[in-house]
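Next comes my_file-v6.txt, a file with compact mmCIF, C-alpha atoms.
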```txt
# COMPACT_ATOMS: atom_id res chain seq x y z
CA MET A 1424 -85.23 132.31 -6.67
CA ARG A 1425 -85.95 131.17 -3.14
CA VAL A 1426 -82.17 130.78 -2.53
CA ALA A 1427 -81.51 134.40 -3.60
CA LYS A 1428 -84.33 135.64 -1.37
CA HIS A 1429 -82.97 133.63 1.55
CA MET A 1430 -79.46 135.05 1.00
CA ARG A 1431 -80.82 138.63 1.01
CA ALA A 1432 -82.50 137.92 4.37
CA MET A 1433 -79.26 136.48 5.72
CA ASN A 1434 -77.33 139.58 4.60
CA ALA A 1435 -79.87 141.82 6.32
CA ARG A 1436 -79.41 139.89 9.55
CA VAL A 1437 -75.61 140.19 9.21
CA ARG A 1438 -75.89 143.98 8.81
CA LEU A 1439 -78.22 144.20 11.82
CA LEU A 1440 -75.91 142.22 14.09
CA LEU A 1441 -72.84 144.13 12.92
CA GLY A 1442 -74.63 147.41 13.65
CA PHE A 1443 -75.53 146.15 17.10
CA ALA A 1444 -71.91 145.16 17.74
CA LEU A 1445 -70.72 148.61 16.58
CA ALA A 1446 -73.10 150.28 19.03
CA LEU A 1447 -71.73 148.10 21.82
CA ALA A 1448 -68.21 149.12 20.83
CA VAL A 1449 -69.07 152.83 21.13
CA LEU A 1450 -70.62 152.34 24.57
CA ASP A 1451 -67.70 150.23 25.72
CA ALA A 1452 -65.17 152.85 24.61
CA ALA A 1453 -67.01 155.56 26.54
CA ALA A 1454 -67.32 153.53 29.75
CA PRO A 1455 -64.65 153.99 32.46
CA ARG A 1456 -62.30 151.08 33.05
CA ALA A 1457 -61.83 149.59 36.48
CA GLN A 1458 -58.15 149.47 37.45
CA ALA A 1459 -56.12 148.71 40.50
CA CYS A 1460 -54.65 151.69 42.28
CA GLY A 1461 -51.19 152.22 40.82
CA GLY A 1462 -48.35 154.56 41.60
CA SER A 1463 -46.43 156.79 39.24
CA SER A 1464 -42.75 157.60 38.95
CA CYS A 1465 -43.72 161.26 38.51
CA LEU A 1466 -44.15 163.44 41.60
CA PRO A 1467 -45.19 167.05 40.91
CA GLU A 1468 -43.67 170.17 42.42
CA ARG A 1469 -45.58 171.37 45.46
CA PHE A 1470 -45.62 174.99 46.54
CA LEU A 1471 -47.13 176.94 49.41
CA PRO A 1472 -48.91 179.07 48.55
CA PHE A 1473 -49.99 177.12 45.46
CA SER A 1474 -52.68 179.73 44.78
CA GLY A 1475 -54.18 182.79 46.41
CA SER A 1476 -52.17 185.70 47.77
CA LEU A 1477 -49.00 186.43 49.72
CA PRO A 1478 -47.85 189.69 51.35
CA ALA A 1479 -45.00 191.43 49.54
CA ASN A 1480 -42.76 191.09 52.63
CA ALA A 1481 -43.11 187.29 52.81
CA PRO A 1482 -39.81 185.62 53.75
CA GLY A 1483 -40.18 183.09 50.93
CA ILE A 1484 -42.25 180.37 49.31
CA PHE A 1485 -42.34 176.74 50.44
CA TRP A 1486 -41.15 174.35 47.69
CA ALA A 1487 -41.15 170.55 47.83
CA PRO A 1488 -39.16 169.53 44.72
CA GLY A 1489 -40.85 167.13 42.35
CA HIS A 1490 -39.35 163.90 41.08
CA GLY A 1491 -39.23 162.55 37.54
CA ASP A 1492 -37.25 159.95 35.64
CA LEU A 1493 -34.06 161.96 36.19
CA GLY A 1494 -34.55 162.48 39.91
CA ALA A 1495 -35.42 165.58 41.92
CA THR A 1496 -36.07 168.86 40.10
CA PRO A 1497 -33.03 171.18 40.23
CA LEU A 1498 -33.51 174.83 41.18
CA ASP A 1499 -32.40 176.10 37.76
CA ARG A 1500 -35.54 174.59 36.18
CA ILE A 1501 -37.89 176.56 38.45
CA GLN A 1502 -38.91 179.87 36.95
CA MET A 1503 -40.84 182.76 38.49
CA ARG A 1504 -42.45 185.51 36.42
CA CYS A 1505 -44.49 188.44 37.67
CA THR A 1506 -46.75 190.82 35.75
CA GLY A 1507 -47.44 194.28 37.10
CA ALA A 1508 -50.63 196.31 36.94
CA GLY A 1509 -49.48 197.95 33.70
CA GLY A 1510 -48.88 194.61 32.00
CA ALA A 1511 -45.07 194.66 32.17
CA GLU A 1512 -43.61 191.23 32.85
CA ARG A 1513 -40.37 190.50 34.67
CA ALA A 1514 -38.45 187.37 35.57
CA ILE A 1515 -37.63 186.91 39.25
CA GLU A 1516 -34.34 185.28 40.20
CA LEU A 1517 -34.77 182.64 42.89
CA GLU A 1518 -32.52 181.29 45.60
CA ALA A 1519 -33.21 178.17 47.66
CA GLU A 1520 -32.65 177.57 51.35
CA PRO A 1521 -33.16 174.13 52.96
CA LEU A 1522 -36.08 173.76 55.37
CA GLY A 1523 -35.17 170.94 57.72
CA ALA A 1524 -33.88 167.54 56.63
CA SER A 1525 -36.79 166.38 54.47
CA GLY A 1526 -35.55 167.95 51.22
CA VAL A 1527 -38.08 170.81 51.12
CA GLN A 1528 -36.77 174.26 50.29
CA LEU A 1529 -37.63 177.90 50.89
CA LEU A 1530 -37.61 179.85 47.64
CA LYS A 1531 -36.35 183.38 48.25
CA VAL A 1532 -36.65 186.17 45.70
CA ALA A 1533 -33.52 188.13 44.74
CA THR A 1534 -35.55 191.29 44.07
CA PRO A 1535 -38.49 192.57 46.17
CA LEU A 1536 -42.02 191.64 45.20
CA VAL A 1537 -44.48 194.45 44.49
CA ALA A 1538 -48.07 194.59 45.73
CA GLY A 1539 -50.54 194.04 42.90
CA GLU A 1540 -48.27 191.80 40.82
CA GLN A 1541 -49.58 188.49 39.46
CA CYS A 1542 -46.86 185.86 39.73
CA THR A 1543 -46.44 182.33 38.41
CA ILE A 1544 -43.87 179.74 39.48
CA ASP A 1545 -43.41 176.71 37.23
CA GLY A 1546 -40.88 174.81 35.11
CA GLY A 1547 -40.71 171.62 37.13
CA ASN A 1548 -42.66 168.36 37.05
CA GLU A 1549 -46.39 168.72 36.47
CA CYS A 1550 -47.29 165.02 35.98
CA GLY A 1551 -50.69 165.74 34.42
CA TYR A 1552 -52.57 166.53 37.64
CA THR A 1553 -55.19 169.29 37.49
CA ASP A 1554 -55.87 169.97 41.20
CA PRO A 1555 -54.18 173.29 42.11
CA HIS A 1556 -52.07 171.89 44.94
CA ILE A 1557 -50.47 169.22 42.72
CA SER A 1558 -50.55 171.03 39.37
CA GLY A 1559 -46.78 171.58 39.58
CA ARG A 1560 -47.08 175.37 39.67
CA SER A 1561 -47.97 178.27 41.93
CA MET A 1562 -50.17 181.20 40.88
CA LEU A 1563 -50.09 184.14 43.26
CA THR A 1564 -51.34 187.65 43.76
CA ILE A 1565 -48.87 189.77 45.72
CA GLY A 1566 -50.58 191.69 48.51
CA ASP A 1567 -49.62 194.64 50.64
CA GLU A 1568 -46.96 194.18 53.28
CA ALA A 1569 -48.38 192.86 56.54
CA PRO A 1570 -46.98 192.34 60.06
CA LEU A 1571 -46.17 188.76 60.93
CA PRO A 1572 -49.09 187.14 62.82
CA GLU A 1573 -48.96 186.54 66.56
CA SER A 1574 -52.34 184.79 66.77
CA LEU A 1575 -54.08 182.24 64.56
CA GLY A 1576 -57.79 182.47 65.26
CA THR A 1577 -60.64 180.35 66.57
CA LEU A 1578 -61.36 176.68 65.99
CA VAL A 1579 -65.02 175.81 65.40
CA ALA A 1580 -66.47 172.28 65.60
CA THR A 1581 -69.79 170.88 64.45
CA PRO A 1582 -71.78 168.46 66.60
CA ALA A 1583 -70.97 164.81 65.97
CA LYS A 1584 -73.01 163.15 63.22
CA VAL A 1585 -72.95 160.02 61.09
CA ASP A 1586 -71.57 160.83 57.64
CA TRP A 1587 -69.28 159.55 54.90
CA VAL A 1588 -65.50 159.76 55.30
CA GLU A 1589 -63.07 159.16 52.45
CA ALA A 1590 -59.69 157.68 53.33
CA SER A 1591 -56.89 155.93 51.47
CA ALA A 1592 -57.19 152.21 50.81
CA ASN A 1593 -54.15 150.66 49.23
CA ALA A 1594 -55.74 148.51 46.52
CA ALA A 1595 -58.63 150.84 45.66
CA CYS A 1596 -56.92 154.25 46.10
CA SER A 1597 -59.66 155.39 48.46
CA LEU A 1598 -62.88 154.19 50.04
CA ARG A 1599 -65.82 156.02 51.56
CA GLN A 1600 -67.11 154.54 54.79
CA ALA A 1601 -69.69 155.56 57.34
CA ALA A 1602 -68.26 157.19 60.43
CA CYS A 1603 -69.15 159.31 63.43
CA VAL A 1604 -67.78 162.65 62.26
CA ILE A 1605 -66.95 166.07 63.70
CA GLU A 1606 -66.03 168.75 61.16
CA LEU A 1607 -63.48 171.36 62.19
CA SER A 1608 -62.99 174.79 60.63
CA LEU A 1609 -60.64 177.67 61.36
CA GLU A 1610 -61.82 181.26 61.67
CA LEU A 1611 -58.65 183.29 61.12
CA SER A 1612 -57.71 186.27 63.24
CA ASP A 1613 -57.36 189.62 61.49
CA GLU A 1614 -53.56 189.49 61.72
CA ALA A 1615 -53.38 185.93 60.33
CA ALA A 1616 -55.79 186.58 57.43
CA PRO A 1617 -53.21 188.16 55.05
CA TRP A 1618 -50.99 185.08 55.53
CA ARG A 1619 -53.68 182.39 55.22
CA ASP A 1620 -52.44 180.94 51.90
CA GLY A 1621 -48.85 180.60 53.12
CA LEU A 1622 -49.49 179.02 56.53
CA GLU A 1623 -48.76 175.34 57.17
CA LEU A 1624 -51.73 174.09 59.18
CA THR A 1625 -51.96 170.94 61.29
CA THR A 1626 -54.64 169.46 63.54
CA HIS A 1627 -53.76 168.08 66.97
CA ILE A 1628 -55.85 165.78 69.17
CA ASP A 1629 -54.91 165.49 72.85
CA GLY A 1630 -51.54 167.02 71.93
CA GLY A 1631 -50.70 164.58 69.11
CA GLU A 1632 -50.87 165.41 65.40
CA TRP A 1633 -53.92 164.03 63.55
CA TRP A 1634 -53.27 163.15 59.94
CA VAL A 1635 -55.36 161.19 57.43
CA GLN A 1636 -54.35 160.36 53.85
CA ARG A 1637 -57.34 160.82 51.54
CA VAL A 1638 -56.09 158.98 48.42
CA SER A 1639 -53.21 156.51 48.60
CA ASN A 1640 -51.33 157.69 45.50
CA GLU A 1641 -52.06 161.42 45.67
CA PRO A 1642 -50.60 163.94 48.16
CA ASN A 1643 -52.97 165.69 50.51
CA ILE A 1644 -53.49 169.41 50.04
CA THR A 1645 -50.20 171.18 50.76
CA GLY A 1646 -50.17 172.74 54.20
CA GLY A 1647 -53.61 171.34 54.99
CA SER A 1648 -55.57 168.20 55.74
CA SER A 1649 -57.31 165.47 53.78
CA VAL A 1650 -60.32 167.76 53.22
CA GLY A 1651 -58.73 171.16 52.65
CA ARG A 1652 -56.85 174.03 54.23
CA GLY A 1653 -58.20 175.44 57.46
CA ARG A 1654 -60.61 172.50 57.64
CA ASP A 1655 -60.42 168.95 58.95
CA VAL A 1656 -62.56 166.05 60.11
CA ILE A 1657 -62.02 163.76 63.06
CA PHE A 1658 -63.96 160.52 63.11
CA ALA A 1659 -64.65 157.10 64.54
CA TRP A 1660 -65.80 154.35 62.19
CA VAL A 1661 -69.36 153.28 62.97
CA ASP A 1662 -69.85 150.14 65.06
CA GLY A 1663 -70.06 147.01 62.97
CA ALA A 1664 -68.59 148.54 59.79
CA ALA A 1665 -65.66 146.62 58.35
CA ASN A 1666 -62.79 149.10 58.09
CA GLU A 1667 -60.92 148.43 54.86
CA THR A 1668 -59.08 151.75 54.73
CA ASP A 1669 -55.54 152.46 55.88
CA THR A 1670 -56.81 154.66 58.74
CA ALA A 1671 -57.79 153.27 62.13
CA GLY A 1672 -59.92 156.24 63.17
CA LEU A 1673 -60.54 157.14 66.80
CA PRO A 1674 -62.55 155.45 69.55
CA GLN A 1675 -65.70 157.36 70.34
CA GLY A 1676 -65.25 159.69 73.29
CA ALA A 1677 -64.23 163.19 74.39
CA TYR A 1678 -61.15 164.85 72.91
CA SER A 1679 -59.21 168.09 73.10
CA VAL A 1680 -58.58 169.45 69.58
CA GLN A 1681 -56.45 172.31 68.37
CA MET A 1682 -55.22 173.72 65.05
CA ARG A 1683 -51.63 174.94 64.80
CA ALA A 1684 -49.77 176.91 62.15
CA THR A 1685 -46.22 177.72 61.13
CA LEU A 1686 -44.96 180.13 58.49
CA PRO A 1687 -42.10 178.72 56.36
CA GLY A 1688 -38.95 180.78 56.65
CA THR A 1689 -39.79 182.07 60.14
CA ASP A 1690 -39.86 180.71 63.68
CA ILE A 1691 -43.52 181.64 64.02
CA ALA A 1692 -45.66 178.94 65.66
CA ILE A 1693 -49.21 180.00 66.52
CA ALA A 1694 -52.26 178.00 67.54
CA THR A 1695 -55.93 178.21 68.42
CA GLN A 1696 -57.20 177.62 71.91
CA GLU A 1697 -57.86 173.95 72.64
CA LEU A 1698 -61.47 172.93 72.14
CA THR A 1699 -63.13 169.97 73.86
CA VAL A 1700 -65.42 167.93 71.60
CA ASP A 1701 -67.62 164.86 72.15
CA LEU A 1702 -67.10 162.34 69.35
CA HIS A 1703 -70.14 160.17 70.00
CA CYS A 1704 -72.98 159.06 67.72
CA GLU A 1705 -75.98 156.99 68.72
CA GLY A 1706 -76.59 155.91 65.13
CA GLY A 1707 -78.68 157.19 62.25
CA ASP A 1708 -78.67 157.49 58.51
CA VAL A 1709 -75.91 158.60 56.18
CA PRO A 1710 -76.58 161.18 53.43
CA LEU A 1711 -77.03 159.39 50.11
CA GLY A 1712 -74.63 161.42 48.01
CA VAL A 1713 -70.98 161.97 47.15
CA ARG A 1714 -68.79 164.19 49.26
CA ASP A 1715 -66.59 166.21 46.89
CA GLY A 1716 -63.27 167.07 48.45
CA GLY A 1717 -64.41 166.22 51.97
CA ALA A 1718 -65.75 169.19 53.89
CA GLY A 1719 -64.23 171.66 51.43
CA ASP A 1720 -65.53 172.94 48.14
CA GLY A 1721 -63.45 170.67 45.92
CA ASP A 1722 -61.37 173.46 44.35
CA GLY A 1723 -58.26 172.63 46.33
CA ASP A 1724 -58.04 175.82 48.39
CA GLY A 1725 -59.99 174.48 51.34
CA ASP A 1726 -62.04 177.63 51.82
CA GLY A 1727 -65.28 175.67 51.97
CA ASP A 1728 -67.23 178.28 50.00
CA THR A 1729 -69.49 175.74 48.34
CA ASP A 1730 -73.25 175.98 48.73
CA ALA A 1731 -73.53 172.24 49.34
CA ALA A 1732 -70.45 170.25 50.35
CA VAL A 1733 -72.58 167.11 50.39
CA GLU A 1734 -75.24 166.57 47.77
CA GLU A 1735 -78.37 165.33 49.49
CA ARG A 1736 -80.39 162.69 47.65
CA GLY A 1737 -82.26 161.18 50.59
CA THR A 1738 -80.86 158.84 53.20
CA MET A 1739 -79.81 155.24 53.40
CA PRO A 1740 -79.06 152.88 56.32
CA ILE A 1741 -75.51 152.79 57.66
CA PRO A 1742 -73.57 150.33 55.46
CA ARG A 1743 -71.82 147.44 57.18
CA GLY A 1744 -68.89 147.52 54.81
CA PRO A 1745 -66.92 149.92 52.58
CA VAL A 1746 -68.42 151.86 49.71
CA MET A 1747 -65.98 152.38 46.88
CA ARG A 1748 -65.44 155.91 45.68
CA ASP A 1749 -67.45 156.35 42.48
CA GLU A 1750 -64.46 157.20 40.33
CA VAL A 1751 -60.91 158.38 40.91
CA ASP A 1752 -59.02 158.75 37.66
CA LEU A 1753 -55.77 160.60 38.29
CA ASN A 1754 -53.65 159.77 35.24
CA ASP A 1755 -52.80 156.83 33.03
CA GLU A 1756 -51.18 155.02 35.96
CA GLY A 1757 -53.61 156.34 38.54
CA CYS A 1758 -56.54 154.60 40.07
CA SER A 1759 -60.11 154.03 39.18
CA ALA A 1760 -62.33 152.50 41.81
CA THR A 1761 -65.36 152.28 39.57
CA ALA A 1762 -67.21 149.08 40.37
CA ARG A 1763 -68.47 148.14 36.92
CA ALA A 1764 -68.19 144.82 35.18
CA GLN A 1765 -66.87 145.35 31.65
CA THR A 1766 -67.60 143.05 28.72
CA SER A 1767 -65.25 142.86 25.75
CA THR A 1768 -67.13 144.20 22.76
CA LEU A 1769 -64.60 142.77 20.36
CA GLY A 1770 -65.28 139.35 21.85
CA TRP A 1771 -69.02 139.70 21.21
CA LEU A 1772 -68.33 140.90 17.68
CA ALA A 1773 -66.09 137.93 16.96
CA LEU A 1774 -68.67 135.46 18.30
CA ALA A 1775 -71.50 137.03 16.29
CA CYS A 1776 -69.55 137.02 13.03
CA SER A 1777 -68.33 133.47 13.62
CA ALA A 1778 -71.88 132.22 14.18
CA LEU A 1779 -73.17 133.95 11.05
CA LEU A 1780 -70.37 132.63 8.89
CA ARG A 1781 -71.04 129.08 10.11
CA ARG A 1782 -74.74 129.45 9.26
CA ARG A 1783 -73.95 130.78 5.75
CA ARG A 1784 -71.55 127.92 5.08
CA SER A 1785 -74.12 125.37 6.23
CA HIS A 1786 -76.77 126.83 3.89
CA ARG A 1787 -74.37 126.82 0.94
CA ALA A 1788 -73.57 123.21 1.63
```

Write out the structure in this file as structure tokens.
Amino acid sequence: MRVAKHMRAMNARVRLLLGFALALAVLDAAAPRAQACGGSSCLPERFLPFSGSLPANAPGIFWAPGHGDLGATPLDRIQMRCTGAGGAERAIELEAEPLGASGVQLLKVATPLVAGEQCTIDGGNECGYTDPHISGRSMLTIGDEAPLPESLGTLVATPAKVDWVEASANAACSLRQAACVIELSLELSDEAAPWRDGLELTTHIDGGEWWVQRVSNEPNITGGSSVGRGRDVIFAWVDGAANETDTAGLPQGAYSVQMRATLPGTDIAIATQELTVDLHCEGGDVPLGVRDGGAGDGDGDGDGDTDAAVEERGTMPIPRGPVMRDEVDLNDEGCSATARAQTSTLGWLALACSALLRRRRSHRA
């Protein structure tokens, strides 16, 4: 009698431990896995504009062919369809013209575009990305014809402050580190505004181009910077912080900054007036939060129309080392810089069952 009662108690303990192990398995499956930053053989098509609008008299659309297992995407796979205001859809025949020696092309339409049409370009490599600039497609609204711009606009700079900057780091995809930061934004002129989504924008410091890669295995926003289009940040890493990114940053000091633009398919080259800025920070605290998409709004268009580009949760002292990005999960071969120690649930389950079986055998003996 006492043996049967003891066996029932043992069975209850077995069920309890197995239930606990099952709960651990569910939690473990839901938790993100930490991986090294890996590359992918798939490179998506990139277009400019990749979203937004384009005047009907545009000379063409910038296209950087994607790459898959079979090589670069041929033109005959790229398809353009436009839907008019009445709902009628038409296919647009495309021609390609080389733009320089880098392999990029200018897509030219064989029939004129019509203001008010909604157009989509796709058919190439998409690679599973969801951000608009690397989704492998372009979605456009065709606007009224507009004269080609002869001026770009005005460059605006914030005062220098200590803030987070995200930059590529080979093994971890990207890291956020404290830096002395100046945020730049472009206020377009009236004549450049209709062309904003088709302009290739670059930032120049003391006459040289400034370029920062945000994530090591993901292209920056097409025709823009690491933080968006029409926006940029220049920075110097804070004193004493160990720089583990791929970007050296600038020494603190005074600089002349300028934003320049070209329009693919034309010889137009326009620029803002040069602006002198003082990149100097005495020190201070860094916002305790996560910057989403740098100074932009995180939707890929770089228009910065978010209510809060940085979520404020208080402040913390300047870190003396890198802070890993909370999570970057691009695709199956992408990167995740989540700093969490994972425990194998199956291992715990095996140990628990093994211990219980040994105890049952010992009692039977």

- Can you work out the spacing between atom CA of Ile1693 of chain A and atom CA of Cys1542 of chain A in Å, to one decimal? 27.5 Å

- Message: Using only C-alpha atoms, which protein or nucleic acid residues come within 6 Å of Ser1591 of chain A? Drop anything in the same chain fewer than 3 positions from it, and give the result as a list in words.
- Response: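 Once the adjacent positions are removed, what remains is Cys1596, Ser1597, Gln1636, Arg1637, Val1638, Ser1639, Thr1668 and Asp1669 of chain A.
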
Same residues, C-alpha atoms, output as a compact mmCIF listing (two decimals), in the frame of the given file:
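Final file, result_12.txt:
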```txt
# COMPACT_ATOMS: atom_id res chain seq x y z
CA CYS A 1596 -56.92 154.25 46.10
CA SER A 1597 -59.66 155.39 48.46
CA GLN A 1636 -54.35 160.36 53.85
CA ARG A 1637 -57.34 160.82 51.54
CA VAL A 1638 -56.09 158.98 48.42
CA SER A 1639 -53.21 156.51 48.60
CA THR A 1668 -59.08 151.75 54.73
CA ASP A 1669 -55.54 152.46 55.88
```

- Do you know which residues are at most 6 Å from Met1682 of chain A counting only C-alpha atoms, after dropping those on the same chain fewer than 2 positions away, and could you put them as a ChimeraX atom specification? /A:1625-1626,1694-1695

- So which residues touch segment 1603-1618 of chain A within 8 Å, counting all atoms listed in the file, skipping near sequence neighbours fewer than 3 positions away, as a PyMOL selection string? chain A and resi 1476-1478+1566+1569-1586+1588+1621-1622+1653-1661+1675+1682+1702-1704+1718

Would you output that residue set with C-alpha atoms, as a PDB file, in the frame of the given file?
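Output (part31.pdb):
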```
ATOM      1  CA  SER A1476     -52.170 185.700  47.770  1.00  0.00           C
ATOM      2  CA  LEU A1477     -49.000 186.430  49.720  1.00  0.00           C
ATOM      3  CA  PRO A1478     -47.850 189.690  51.350  1.00  0.00           C
ATOM      4  CA  GLY A1566     -50.580 191.690  48.510  1.00  0.00           C
ATOM      5  CA  ALA A1569     -48.380 192.860  56.540  1.00  0.00           C
ATOM      6  CA  PRO A1570     -46.980 192.340  60.060  1.00  0.00           C
ATOM      7  CA  LEU A1571     -46.170 188.760  60.930  1.00  0.00           C
ATOM      8  CA  PRO A1572     -49.090 187.140  62.820  1.00  0.00           C
ATOM      9  CA  GLU A1573     -48.960 186.540  66.560  1.00  0.00           C
ATOM     10  CA  SER A1574     -52.340 184.790  66.770  1.00  0.00           C
ATOM     11  CA  LEU A1575     -54.080 182.240  64.560  1.00  0.00           C
ATOM     12  CA  GLY A1576     -57.790 182.470  65.260  1.00  0.00           C
ATOM     13  CA  THR A1577     -60.640 180.350  66.570  1.00  0.00           C
ATOM     14  CA  LEU A1578     -61.360 176.680  65.990  1.00  0.00           C
ATOM     15  CA  VAL A1579     -65.020 175.810  65.400  1.00  0.00           C
ATOM     16  CA  ALA A1580     -66.470 172.280  65.600  1.00  0.00           C
ATOM     17  CA  THR A1581     -69.790 170.880  64.450  1.00  0.00           C
ATOM     18  CA  PRO A1582     -71.780 168.460  66.600  1.00  0.00           C
ATOM     19  CA  ALA A1583     -70.970 164.810  65.970  1.00  0.00           C
ATOM     20  CA  LYS A1584     -73.010 163.150  63.220  1.00  0.00           C
ATOM     21  CA  VAL A1585     -72.950 160.020  61.090  1.00  0.00           C
ATOM     22  CA  ASP A1586     -71.570 160.830  57.640  1.00  0.00           C
ATOM     23  CA  VAL A1588     -65.500 159.760  55.300  1.00  0.00           C
ATOM     24  CA  GLY A1621     -48.850 180.600  53.120  1.00  0.00           C
ATOM     25  CA  LEU A1622     -49.490 179.020  56.530  1.00  0.00           C
ATOM     26  CA  GLY A1653     -58.200 175.440  57.460  1.00  0.00           C
ATOM     27  CA  ARG A1654     -60.610 172.500  57.640  1.00  0.00           C
ATOM     28  CA  ASP A1655     -60.420 168.950  58.950  1.00  0.00           C
ATOM     29  CA  VAL A1656     -62.560 166.050  60.110  1.00  0.00           C
ATOM     30  CA  ILE A1657     -62.020 163.760  63.060  1.00  0.00           C
ATOM     31  CA  PHE A1658     -63.960 160.520  63.110  1.00  0.00           C
ATOM     32  CA  ALA A1659     -64.650 157.100  64.540  1.00  0.00           C
ATOM     33  CA  TRP A1660     -65.800 154.350  62.190  1.00  0.00           C
ATOM     34  CA  VAL A1661     -69.360 153.280  62.970  1.00  0.00           C
ATOM     35  CA  GLN A1675     -65.700 157.360  70.340  1.00  0.00           C
ATOM     36  CA  MET A1682     -55.220 173.720  65.050  1.00  0.00           C
ATOM     37  CA  LEU A1702     -67.100 162.340  69.350  1.00  0.00           C
ATOM     38  CA  HIS A1703     -70.140 160.170  70.000  1.00  0.00           C
ATOM     39  CA  CYS A1704     -72.980 159.060  67.720  1.00  0.00           C
ATOM     40  CA  ALA A1718     -65.750 169.190  53.890  1.00  0.00           C
TER      41      ALA A1718
END
```

Spatial neighbours of segment 1499-1511 of chain A, max dist 7 Å, all atoms listed in the file, sep filter under 4 positions, as a PDB file with C-alpha atoms, keeping the file's coordinate frame:
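Here's the written file part.pdb:
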```
ATOM      1  CA  ILE A1515     -37.630 186.910  39.250  1.00  0.00           C
ATOM      2  CA  GLY A1539     -50.540 194.040  42.900  1.00  0.00           C
ATOM      3  CA  GLU A1540     -48.270 191.800  40.820  1.00  0.00           C
ATOM      4  CA  GLN A1541     -49.580 188.490  39.460  1.00  0.00           C
ATOM      5  CA  CYS A1542     -46.860 185.860  39.730  1.00  0.00           C
ATOM      6  CA  THR A1543     -46.440 182.330  38.410  1.00  0.00           C
ATOM      7  CA  ILE A1544     -43.870 179.740  39.480  1.00  0.00           C
ATOM      8  CA  ASP A1545     -43.410 176.710  37.230  1.00  0.00           C
ATOM      9  CA  GLY A1546     -40.880 174.810  35.110  1.00  0.00           C
ATOM     10  CA  GLY A1547     -40.710 171.620  37.130  1.00  0.00           C
TER      11      GLY A1547
END
```

- Task: Would you mind telling me which residue in A:Asn1666, A:Pro1674, A:Thr1689, A:Gly1475 lies nearest to Met1562 of chain A when using all atoms listed in the file?
- Result: A:Gly1475

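Put simply, atom CA of Trp1486 of chain A is 5.1 Å away from atom CA of Gln1528 of chain A.
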
- Any idea what the distance is between atom CA of Cys1550 of chain A and atom CA of Gly1491 of chain A?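 Value for the atom CA of Cys1550 of chain A-atom CA of Gly1491 of chain A distance: 8.6 Å.
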
- From A:Pro1497, A:Pro1521, A:Pro1482, A:Gly1551, residue lying nearest Glu1568 of chain A [only C-alpha atoms]: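 The answer is A:Pro1482, which sits nearest to Glu1568 of chain A.
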